[in-house]
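Below is the file final.txt, which contains compact mmCIF, C-alpha atoms.
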```txt
# COMPACT_ATOMS: atom_id res chain seq x y z
CA PHE A 1405 88.29 15.35 15.39
CA GLY A 1406 86.20 15.18 12.21
CA THR A 1407 84.79 18.68 12.67
CA LYS A 1408 88.25 20.12 13.31
CA GLU A 1409 89.58 18.52 10.13
CA VAL A 1410 86.71 19.89 8.05
CA LEU A 1411 87.31 23.38 9.45
CA ARG A 1412 91.03 23.05 8.74
CA LEU A 1413 90.27 22.02 5.17
CA ALA A 1414 87.88 24.95 4.76
CA THR A 1415 90.67 27.39 5.64
CA SER A 1416 93.47 25.73 3.69
CA GLY A 1417 92.81 27.42 0.34
CA ARG A 1418 92.88 30.96 -0.94
CA LYS A 1419 89.11 31.27 -0.90
CA LEU A 1420 86.74 31.00 2.00
CA ALA A 1421 84.53 27.92 2.06
CA LEU A 1422 81.09 27.72 3.65
CA VAL A 1423 80.99 25.03 6.34
CA SER A 1424 77.58 23.42 6.96
CA TYR A 1425 77.32 21.36 10.12
CA ILE A 1426 74.53 18.87 10.86
CA SER A 1427 73.92 18.94 14.60
CA THR A 1428 70.86 17.90 16.62
CA LEU A 1429 68.18 19.53 18.73
CA SER A 1430 69.36 17.24 21.53
CA VAL A 1431 72.10 19.75 22.40
CA PHE A 1432 69.23 21.19 24.46
CA ASP A 1433 68.21 18.46 26.87
CA ALA A 1434 65.57 20.03 29.10
CA GLY A 1435 62.66 22.38 28.67
CA ARG A 1436 62.36 25.69 30.45
CA GLY A 1437 58.74 26.69 30.05
CA GLU A 1438 59.17 28.45 26.71
CA LYS A 1439 60.27 27.52 23.22
CA ILE A 1440 63.99 27.49 22.50
CA LYS A 1441 64.91 29.86 19.68
CA GLU A 1442 67.63 29.40 17.08
CA THR A 1443 69.47 32.39 18.53
CA ASP A 1444 69.44 31.15 22.14
CA GLU A 1445 72.75 30.36 23.80
CA LEU A 1446 73.80 26.75 24.15
CA PRO A 1447 73.30 25.40 27.68
CA ALA A 1448 76.20 24.30 29.84
CA VAL A 1449 77.57 20.99 28.64
CA THR A 1450 76.58 19.43 31.97
CA ARG A 1451 72.93 19.94 30.97
CA THR A 1452 73.42 18.00 27.74
CA HIS A 1453 73.07 14.29 28.40
CA GLY A 1454 74.36 11.41 26.29
CA GLY A 1455 77.58 10.94 24.35
CA TYR A 1456 76.11 11.75 20.93
CA PRO A 1457 74.51 15.11 21.92
CA GLN A 1458 77.66 16.07 23.82
CA THR A 1459 79.85 15.58 20.73
CA LYS A 1460 77.40 17.77 18.80
CA TRP A 1461 77.57 20.39 21.55
CA VAL A 1462 81.38 20.51 21.31
CA SER A 1463 81.27 20.73 17.51
CA GLU A 1464 78.73 23.54 17.63
CA ARG A 1465 81.04 25.47 19.95
CA LEU A 1466 83.84 25.01 17.42
CA MET A 1467 81.63 26.19 14.58
CA LEU A 1468 80.50 29.30 16.46
CA ALA A 1469 84.07 30.16 17.46
CA CYS A 1470 85.32 29.78 13.88
CA ASN A 1471 82.46 31.89 12.53
CA GLU A 1472 83.47 34.68 14.90
CA LYS A 1473 87.01 34.45 13.49
CA GLY A 1474 85.78 35.00 9.94
CA ILE A 1475 84.97 31.49 8.66
CA PRO A 1476 81.40 31.31 7.25
CA CYS A 1477 79.52 28.59 9.09
CA GLU A 1478 75.94 27.40 9.39
CA ILE A 1479 74.37 24.88 11.77
CA TYR A 1480 71.36 22.65 11.13
CA ARG A 1481 69.61 21.06 14.10
CA PRO A 1482 67.21 18.31 12.99
CA GLY A 1483 64.61 16.94 15.36
CA ARG A 1484 63.05 13.47 15.15
CA ILE A 1485 63.53 12.63 11.48
CA THR A 1486 60.76 10.39 10.17
CA GLY A 1487 59.91 8.84 6.82
CA ASP A 1488 59.45 10.44 3.42
CA SER A 1489 56.18 12.37 3.40
CA ARG A 1490 55.40 11.16 -0.15
CA THR A 1491 56.26 7.46 0.03
CA GLY A 1492 56.48 6.71 3.76
CA HIS A 1493 59.88 5.02 3.32
CA ALA A 1494 61.66 5.22 6.66
CA ALA A 1495 64.34 3.76 8.90
CA THR A 1496 62.63 1.67 11.57
CA GLU A 1497 65.33 1.15 14.20
CA ASP A 1498 64.98 4.39 16.15
CA PHE A 1499 63.28 4.75 19.52
CA GLN A 1500 60.03 6.15 18.15
CA CYS A 1501 59.51 3.20 15.79
CA ARG A 1502 60.40 0.78 18.58
CA LEU A 1503 57.87 2.49 20.81
CA ILE A 1504 55.10 2.25 18.22
CA LYS A 1505 55.74 -1.38 17.27
CA GLY A 1506 56.32 -2.45 20.86
CA CYS A 1507 53.07 -0.88 22.07
CA ILE A 1508 51.12 -2.49 19.23
CA GLN A 1509 52.54 -5.88 20.21
CA LEU A 1510 51.61 -5.25 23.85
CA GLY A 1511 48.20 -3.84 22.96
CA ALA A 1512 48.86 -0.96 25.32
CA TYR A 1513 50.62 2.40 25.53
CA PRO A 1514 51.70 4.34 28.64
CA ASP A 1515 49.96 7.37 30.13
CA LEU A 1516 53.03 9.53 29.54
CA ASP A 1517 52.54 13.21 28.72
CA TRP A 1518 55.03 13.13 25.86
CA ILE A 1519 55.29 15.23 22.71
CA MET A 1520 55.95 13.28 19.49
CA ASP A 1521 57.93 15.15 16.86
CA MET A 1522 57.68 13.90 13.27
CA THR A 1523 59.87 15.72 10.77
CA PRO A 1524 59.79 14.12 7.30
CA VAL A 1525 63.22 13.32 5.90
CA ASP A 1526 62.44 14.87 2.50
CA TYR A 1527 61.73 18.21 4.19
CA VAL A 1528 64.96 18.02 6.20
CA SER A 1529 67.15 17.09 3.21
CA ARG A 1530 65.60 19.68 0.87
CA SER A 1531 66.01 22.39 3.49
CA ILE A 1532 69.68 21.65 4.12
CA VAL A 1533 70.59 21.42 0.43
CA THR A 1534 68.59 24.47 -0.63
CA ALA A 1535 69.75 26.68 2.24
CA GLY A 1536 73.35 25.52 1.76
CA VAL A 1537 73.32 26.37 -1.93
CA ARG A 1538 71.80 29.77 -1.16
CA GLY A 1539 74.56 30.34 1.40
CA LEU A 1540 77.22 29.60 -1.20
CA MET A 1541 75.58 31.95 -3.69
CA GLN A 1542 75.46 34.68 -1.07
CA LEU A 1543 79.11 34.10 -0.23
CA GLU A 1544 80.04 34.55 -3.89
CA ALA A 1545 77.77 37.57 -4.33
CA ASP A 1546 79.27 39.36 -1.33
CA GLY A 1547 82.75 38.76 -2.69
CA SER A 1548 83.75 37.33 0.67
CA SER A 1549 85.15 34.19 -0.92
CA SER A 1550 87.66 36.00 -3.14
CA GLN A 1551 90.32 36.41 -0.49
CA GLN A 1552 90.93 34.40 2.64
CA THR A 1553 92.00 37.56 4.46
CA SER A 1554 88.70 39.36 3.83
CA GLY A 1555 86.97 37.21 6.40
CA TRP A 1556 83.29 36.80 7.19
CA SER A 1557 81.43 39.21 9.41
CA LYS A 1558 77.93 37.73 9.50
CA PRO A 1559 76.54 35.69 12.40
CA CYS A 1560 76.34 31.93 12.12
CA SER A 1561 73.03 30.84 10.59
CA ILE A 1562 71.26 28.26 12.75
CA TYR A 1563 68.25 26.26 11.58
CA HIS A 1564 65.78 24.30 13.70
CA LEU A 1565 64.47 21.53 11.46
CA CYS A 1566 61.60 20.07 13.41
CA ASN A 1567 57.85 19.95 13.12
CA PRO A 1568 56.42 23.22 14.49
CA ASN A 1569 53.22 21.38 15.49
CA PRO A 1570 54.10 18.05 17.15
CA ILE A 1571 51.37 15.81 18.55
CA GLN A 1572 50.88 14.19 21.92
CA LEU A 1573 51.67 10.53 22.52
CA SER A 1574 48.02 9.82 23.36
CA GLN A 1575 46.86 11.46 20.12
CA LEU A 1576 49.11 9.20 18.06
CA PHE A 1577 47.86 6.01 19.69
CA GLN A 1578 44.24 7.11 19.52
CA TRP A 1579 44.79 7.54 15.78
CA LEU A 1580 46.38 4.07 15.64
CA TYR A 1581 43.31 2.65 17.35
CA ARG A 1582 41.11 4.14 14.65
CA PHE A 1583 43.55 2.82 12.02
CA GLY A 1584 42.88 -0.70 13.24
CA PHE A 1585 45.42 -1.45 15.98
CA PRO A 1586 43.61 -2.23 19.28
CA VAL A 1587 45.92 -0.37 21.67
CA LYS A 1588 44.61 1.03 24.94
CA GLU A 1589 46.10 3.39 27.49
CA THR A 1590 47.45 1.94 30.72
CA THR A 1591 49.53 3.27 33.58
CA TYR A 1592 53.24 3.68 33.01
CA THR A 1593 53.99 1.18 35.80
CA GLN A 1594 51.73 -1.49 34.29
CA TRP A 1595 53.11 -0.84 30.81
CA ARG A 1596 56.69 -1.21 32.01
CA GLU A 1597 55.80 -4.46 33.79
CA MET A 1598 54.36 -5.75 30.51
CA ILE A 1599 57.71 -5.12 28.83
CA ILE A 1600 59.57 -6.89 31.64
CA GLN A 1601 57.25 -9.87 31.24
CA ALA A 1602 57.80 -9.82 27.48
CA ALA A 1603 61.55 -9.94 28.11
CA LYS A 1604 61.14 -12.98 30.37
CA ASN A 1605 58.94 -14.74 27.82
CA SER A 1606 61.34 -14.09 24.97
CA SER A 1607 64.21 -15.72 26.86
CA ALA A 1608 62.30 -19.00 27.29
CA PRO A 1609 62.94 -21.37 24.34
CA LYS A 1610 60.04 -23.26 22.87
CA LYS A 1611 59.59 -26.04 20.36
CA LYS A 1612 58.06 -25.34 17.02
CA ARG A 1613 57.57 -27.28 13.83
CA LEU A 1614 59.63 -26.14 10.88
CA THR A 1615 58.75 -26.98 7.32
CA ILE A 1616 61.89 -27.25 5.21
CA LYS A 1617 61.61 -27.32 1.43
CA VAL A 1618 63.84 -30.03 -0.04
CA ASN A 1619 62.71 -29.78 -3.67
CA GLU A 1620 59.61 -28.94 -5.65
CA GLU A 1621 57.91 -32.26 -4.88
CA GLN A 1622 59.15 -33.29 -1.47
CA LYS A 1623 58.99 -31.57 1.92
CA ARG A 1624 60.05 -32.73 5.32
CA THR A 1625 59.36 -31.37 8.78
CA THR A 1626 61.58 -31.27 11.79
CA SER A 1627 61.45 -30.00 15.32
CA SER A 1628 63.63 -27.11 16.34
CA SER A 1629 64.25 -24.98 19.40
CA ASP A 1630 63.41 -21.32 18.88
CA THR A 1631 62.50 -18.26 20.90
CA ASN A 1632 59.40 -16.13 20.99
CA ILE A 1633 59.27 -12.87 19.07
CA VAL A 1634 61.15 -10.28 21.11
CA ASN A 1635 59.26 -7.06 21.78
CA PRO A 1636 61.30 -4.14 20.37
CA LEU A 1637 60.99 -2.28 23.67
CA VAL A 1638 62.95 -4.96 25.51
CA ALA A 1639 66.19 -3.57 24.03
CA VAL A 1640 65.51 -0.10 25.46
CA LEU A 1641 64.19 -1.29 28.83
CA PRO A 1642 67.22 0.21 30.70
CA LEU A 1643 66.10 3.64 29.46
CA LEU A 1644 62.59 3.16 30.85
CA LEU A 1645 63.16 4.20 34.44
CA PRO A 1646 60.92 2.73 37.19
CA GLU A 1647 59.75 6.17 38.34
CA LYS A 1648 57.26 7.74 35.95
CA GLN A 1649 58.14 11.27 37.03
CA LYS A 1650 61.72 10.78 35.81
CA MET A 1651 60.53 9.99 32.28
CA GLY A 1652 59.66 13.61 31.61
CA ASP A 1653 56.57 15.40 30.35
CA ARG A 1654 55.63 18.43 28.29
CA LYS A 1655 56.90 20.73 31.03
CA THR A 1656 60.38 19.21 31.06
CA MET A 1657 60.74 18.20 27.40
CA PRO A 1658 62.28 20.96 25.28
CA LEU A 1659 60.10 22.68 22.69
CA PHE A 1660 61.66 24.56 19.80
CA ASP A 1661 60.79 27.76 18.00
CA THR A 1662 61.13 27.48 14.23
CA SER A 1663 59.92 30.94 13.20
CA ASN A 1664 63.35 32.21 12.10
CA THR A 1665 64.00 28.98 10.20
CA GLU A 1666 60.62 29.12 8.46
CA ALA A 1667 61.13 32.78 7.52
CA ARG A 1668 64.53 32.10 5.96
CA LEU A 1669 63.46 28.93 4.15
CA THR A 1670 60.19 30.26 2.74
CA LYS A 1671 62.06 33.33 1.50
CA ILE A 1672 64.11 30.94 -0.62
CA SER A 1673 61.16 28.78 -1.65
CA GLU A 1674 57.54 28.77 -0.51
CA GLU A 1675 57.58 24.97 -0.85
CA LEU A 1676 60.07 24.60 2.01
CA MET A 1677 57.44 24.07 4.70
CA CYS A 1678 57.43 21.16 7.13
CA PRO A 1679 54.40 18.93 6.41
CA ALA A 1680 51.82 18.96 9.18
CA ILE A 1681 51.09 15.74 11.08
CA THR A 1682 47.73 15.05 9.47
CA ASP A 1683 45.68 11.90 8.87
CA ASP A 1684 47.10 11.79 5.35
CA LEU A 1685 50.71 11.85 6.57
CA LEU A 1686 50.04 9.15 9.18
CA ASP A 1687 48.23 7.07 6.54
CA THR A 1688 51.32 7.30 4.35
CA TYR A 1689 53.68 6.34 7.18
CA PHE A 1690 51.70 3.42 8.52
CA GLY A 1691 50.78 2.24 5.05
CA TYR A 1692 54.49 1.84 4.42
CA PHE A 1693 55.06 0.14 7.78
CA VAL A 1694 52.39 -2.43 6.92
CA SER A 1695 53.43 -2.96 3.29
CA SER A 1696 57.09 -3.39 4.32
CA ARG A 1697 55.96 -5.86 7.03
CA PHE A 1698 57.46 -3.78 9.80
CA LEU A 1699 53.95 -3.87 11.26
CA PRO A 1700 51.22 -6.47 10.81
CA ALA A 1701 48.10 -5.60 8.87
CA PRO A 1702 45.64 -3.68 11.08
CA ASN A 1703 42.68 -5.60 12.46
CA TYR A 1704 39.82 -3.75 10.81
CA ASP A 1705 37.26 -6.36 11.92
CA GLN A 1706 38.28 -5.90 15.56
CA PHE A 1707 38.06 -2.15 15.13
CA GLN A 1708 34.55 -2.38 13.68
CA PHE A 1709 33.51 -4.70 16.51
CA GLU A 1710 34.80 -2.22 19.09
CA MET A 1711 33.04 0.68 17.38
CA ASP A 1712 29.74 -1.22 17.19
CA LYS A 1713 29.69 -1.47 20.99
CA TYR A 1714 29.25 2.31 21.32
```

Rendering of file as structure tokens:
Amino acid sequence: FGTKEVLRLATSGRKLALVSYISTLSVFDAGRGEKIKETDELPAVTRTHGGYPQTKWVSERLMLACNEKGIPCEIYRPGRITGDSRTGHAATEDFQCRLIKGCIQLGAYPDLDWIMDMTPVDYVSRSIVTAGVRGLMQLEADGSSSQQTSGWSKPCSIYHLCNPNPIQLSQLFQWLYRFGFPVKETTYTQWREMIIQAAKNSSAPKKKRLTIKVNEEQKRTTSSSDTNIVNPLVAVLPLLLPEKQKMGDRKTMPLFDTSNTEARLTKISEELMCPAITDDLLDTYFGYFVSSRFLPAPNYDQFQFEMDKY
């Protein structure tokens, strides 16, 4: 209903208004052996899984239909949005962060052939704002906004805002090992069993000593019932299917072409390029995770010990 109301508002005045819609790459659920372009047709809704992507699919259909009727529209499809490339500040409740933290707690990561997209939020936000402003300027320059009846005859602009060079899951955790987190690859079945065991352990209460500060000079201790630290992956265990082959791989995960998006954005500003996933970017991200206490400090001594064995 929200998208319909925005479109109704955009057509309620005498002038045309540019409607920018933030969608998601998840409107495409499965890969097909080649990269999906911005101009490719949307799949059938039955191939889009999950309530959130399906609502985006419906809204995109509305946007495309309205653009054909003369309402200027543009669609932005972000991928996996990660932290700021300059500061590392990030939201830490998404699946990717849960996966990273959970694997570090377990000391193991699965042998899944997954692609990890990391698209810095500052790149995504700058791209949307800059391209949107340019679209408004173009609308004014063409004179299309002067009269509602003049309409809009250009195709809907669609942007794929994802990292054009994602990395593999194994590459990320090999980098984390070098960073100081002793994580090792294990089979998907064993990894999933470790999460199940972590869930069982977290449900068992244990006694621990609590130190409670009464005032500056006096402290007292008491005994309290508490639970173990819950592994972040426990919450998403229902999504981790028992059969490894159903978890997908590079052949079934969709890959996205960003060439049209890059051409349009760099034409506006050469600075609108998605940062590559380099050691420097990962240092920034995980430096923030450690400083914000989302992750513990890496065990550099353990890392040096492991390296000395080779």

List the neighbours of segment 1520-1524 of chain A out to 12 Å using only C-alpha atoms; skip same-chain residues closer than 6 positions along the sequence, and give me the result as a VMD selection string.
chain A and resid 1429 1481 to 1495 1499 to 1501 1503 to 1504 1530 to 1531 1564 to 1577 1653 to 1654 1657 to 1660 1676 to 1682 1685 to 1686 1688 to 1689

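Using only C-alpha atoms, the nearest neighbour of Gln1509 of chain A within the list A:Phe1690, A:Pro1636, A:Ala1701, A:Glu1647 is A:Pro1636.
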
Val1462 of chain A surroundings by only C-alpha atoms, 12 Å radius, close-in-sequence under 4 positions cut, as a VMD selection string:
chain A and resid 1405 to 1408 1425 1427 to 1428 1431 1446 to 1450 1452 1455 to 1458 1466 to 1469

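Residue neighbourhood of Ile1479 of chain A, excluding near-sequence residues (fewer than 4 positions): Ser1424, Tyr1425, Ile1426, Ser1427, Glu1464, Met1467, Cys1560, Ser1561, Ile1562 and Tyr1563 of chain A, at 8 Å, using all atoms listed in the file.
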
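Using all atoms listed in the file, the residues found no farther than 8 Å from Ile1672 of chain A, other than those of its own chain fewer than 6 positions away, are Thr1534, Ala1535 and Arg1538 of chain A.
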
Computed gap from atom CA of Arg1502 of chain A to atom CA of Gln1578 of chain A is 17.4 Å

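Going from atom CA of Glu1666 of chain A over to atom CA of Asp1684 of chain A, you cover 22.2 Å.
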
Arg1596 of chain A surroundings by all atoms listed in the file, 10 Å radius, close-in-sequence under 6 positions cut, as number ranges by chain
A: 1513-1514, 1590, 1602, 1637-1638, 1641, 1644-1646, 1648

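Nearest-residue note for Ile1633 of chain A: choosing from A:Lys1419, A:Lys1473, A:Arg1465, A:Lys1604, the minimum distance belongs to A:Lys1604, counting only C-alpha atoms.
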
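Pairwise distance (atom CA of Glu1478 of chain A, atom CA of Phe1432 of chain A) equals 17.6 Å.
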
Polymer residues at most 8 Å from (65.7, 11.7, 29.7) by all atoms listed in the file, as an MDAnalysis selection string
chainID A and resid 1433 1453 1650:1652

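Taking only C-alpha atoms into account, Gly1539 of chain A lies nearest to A:Val1423 out of the set A:Val1423, A:Trp1518, A:Phe1698, A:Gly1506.
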
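Shortest atom-to-atom contact with Pro1476 of chain A among A:Ser1606, A:Thr1459, A:Ser1430, A:Thr1415: A:Thr1415, counting all atoms listed in the file.
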
Just checking: using all atoms listed in the file, which residue out of A:Gly1511, A:Tyr1480, A:Ala1639, A:Leu1580 ends up closest to Ala1603 of chain A?
A:Ala1639
